[in-house]
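To start, the structure under review is shown below, and the notes come after it.
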Amino acid sequence: MSRHVAIVTDSTAYLPKEAMERHHIVSVPLTVVLGDRALEEGTEISARSLAQALQKRRPVTTSRPSPGMFAAAYRAAAEAGATGIVSLHLSAEFSGTYDAALLAAQDAPVPVRVVDSGMVAMALGFCALSAAETAESGGTLDEAVAAAEKRAEGTAAYFYVDTLDYLRRGGRIGAAQALLGSALAVKPLLQLDGGRIELREKVRTASKAIARLEEIAVERAGRSPVDIAVHHLAAGERASALADRLRERVPGLEELYVSEVGAVIGAHTGPGLLGAVVSPR
């Protein structure tokens with residue numbers, strides 16, 4: 001058995017399958033509750049099915065993985081030869097996933113460092129990739145954690161949503177902000193700040209909001225080496241167009257990922273989501 005530091009994350013990282021396989025990153029799924037059915041994100045419910053349910057205004061909620069699911073992932077990593085595990089998760093402001101991982105880590109057969117990334121989607125995914133690359137180059141458990149935390153510090157995530165109503169329903173943004181957006185008929189641009197979703201700007205139309213999202217991403221990227229992820233939910237053409245423009249406008253672009261978010265994030269943003277994650281190398 002090889003001896004190594006293993007990387008565990010959760011399904012909200014939305015890492016491409018090939019990247020997870022290449023770096024041997026394990027993902028523990030969150031659960032989406034659709035009506036009276038509990039479904040694992042990534043395997044039992046698709047983004048398209050979720051978007052259709054939201055458009056029909058069917059009740060959708062989400063829940064964290066159980067500590068037992070994390071315990072099983074940690075045991076499997078140890079049996080495969082891991083001498084330590086970095087367990088990286090979405091912001092604890094959004095979910096109890098971090099707490100569940102902490103509980104499981106107490107009885108794990110090898111040391112587990114559980115990290116609240118303060119991030120979500122590929123903002124979390126880039127942190128997991130940095131931790132994995134450090135571990136692969138012979139880095140220690142502490143060095144892999146430090147790499148993930150450094151990546152998180154430099155990473156920014158911005159996104160456009162058609163309405164704040166889904167975020168309000170899920171308690172991810174204040175009712176006052178949501179009502180203000182509806183009353184003024186504005187299109188909101190949001191950002192991750194301190195592990196929370198904050199309203200960054202209010203723009204009058206969808207086209208102007210998407211153009212502004214592009215400008216913010218380009219400004220944040222600058223000219224240094226940077227990775228970018230473009231996320232969407234039921235807005236594939238918008239995402240492809242934004243990705244094409246970013247390829248042309250970001251001189252230091254290294255990797256660019258385009259993907260539809262999964263059901264957990266989609267349940268809180270609604271169809272029409274368009275996001276840009278900018279992560280300096």
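So you can find residues: chains in the structure tokens are A, B, ... in the order shown, residues in each start at 1, and ligands are numbered from 1 in order.
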
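For stretch 14-31 of chain A, the non-local neighbours within 7 Å, defined as residues at least 2 positions apart in the same chain or in other chains and counting only C-alpha atoms, are A:Ile7, A:Val8, A:Thr9, A:Asp10, A:Ser11, A:Thr12, A:Val33, A:Ala38, A:Leu39, A:Glu40, A:Glu41, A:Thr62, A:Ser63, A:Arg64, A:Pro65, A:Phe70, A:Ala121, A:Met122, A:Gly125, A:Ala132, A:Val261.
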
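The interatomic distance for the pair atom CA of A:Ser207 and atom CA of A:Gly270 works out to 17.6 Å.
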
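In this comparison, which uses only C-alpha atoms, the residue of A:Phe94, A:Tyr160, A:Phe126, A:Tyr257 approaching A:Arg281 most closely is A:Phe126.
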
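Compared by their closest atoms to A:Val145, and using only C-alpha atoms, the residues A:Ala123, A:Ile85, A:Val203, A:Ala101 rank with A:Ile85 nearest.
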
**Request:** Write down as a ChimeraX atom specification the residues belonging to stretch 72-278 of chain A that are assigned strand (DSSP E) by DSSP computed on the backbone.
**Result:** /A:82-89,112-116,156-160,187-193,196-203,226-232,253-260,274-278

**Long-range neighbours of stretch 220-226 of chain A as a ChimeraX atom specification, 6 Å cut-off, only C-alpha atoms, 5 positions minimum in chain** = /A:251-254,279-281

**Message:** Can you tell me, as a PyMOL selection string, which residues in stretch 34-159 of chain A count as helix (DSSP H, G or I) by DSSP?
**Reply:** chain A and resi 47-55+67-79+97-105+122-136+141-154

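Among the candidates A:Val32, A:Leu164, A:Ala131, A:Ala209, the residue lying nearest to A:Val60 is A:Val32 (atoms considered: only C-alpha atoms).
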
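Minimum atom-to-atom distances from A:Pro271, A:Gly139, A:Arg113, A:Ala276 to A:Leu189 were compared using only C-alpha atoms, and the lowest value belongs to A:Ala276.
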
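Ranking A:Thr134, A:Thr155, A:Thr269, A:Gln106 by their shortest atom-to-atom distance to A:Ala217, with only C-alpha atoms included, puts A:Thr155 first.
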
Listing only residues of stretch 98-200 of chain A within 9 Å of stretch 79-83 of chain A, what is the closest atom pair and its distance in Å (to one decimal) for each, using only C-alpha atoms, sorted by chain and residue number ascending, as CSV?
```
residue,atom,partner,partner_atom,distance
A:Val110,CA,A:Thr83,CA,5.9
A:Pro111,CA,A:Thr83,CA,7.3
A:Leu141,CA,A:Thr83,CA,8.7
```

Kindly export the residues of the current selection with all heavy atoms, as a short mmCIF file (atom, residue, chain, number, x, y, z; two decimals), in the first residue's frame.
```
data_model
loop_
_atom_site.label_atom_id
_atom_site.label_comp_id
_atom_site.auth_asym_id
_atom_site.auth_seq_id
_atom_site.Cartn_x
_atom_site.Cartn_y
_atom_site.Cartn_z
N VAL A 110 -6.82 7.32 11.40
CA VAL A 110 -5.61 8.12 11.14
C VAL A 110 -5.96 9.57 11.42
O VAL A 110 -7.15 9.94 11.47
CB VAL A 110 -5.12 7.95 9.68
CG1 VAL A 110 -4.67 6.53 9.42
CG2 VAL A 110 -6.18 8.39 8.69
N PRO A 111 -4.97 10.45 11.60
CA PRO A 111 -5.28 11.86 11.85
C PRO A 111 -6.06 12.50 10.70
O PRO A 111 -5.73 12.28 9.53
CB PRO A 111 -3.89 12.50 11.99
CG PRO A 111 -3.00 11.38 12.39
CD PRO A 111 -3.53 10.16 11.70
N LEU A 141 0.70 16.45 6.08
CA LEU A 141 -0.68 16.80 6.37
C LEU A 141 -0.81 18.31 6.59
O LEU A 141 -1.70 18.96 6.03
CB LEU A 141 -1.15 16.03 7.60
CG LEU A 141 -2.61 16.16 8.03
CD1 LEU A 141 -3.55 15.69 6.95
CD2 LEU A 141 -2.85 15.37 9.32
#
```

**Message:** Ranking A:Leu124, A:Ala71, A:Ala78, A:Val161 by minimum distance to A:Ala105 and counting only C-alpha atoms, which one comes first?
**Reply:** A:Ala71
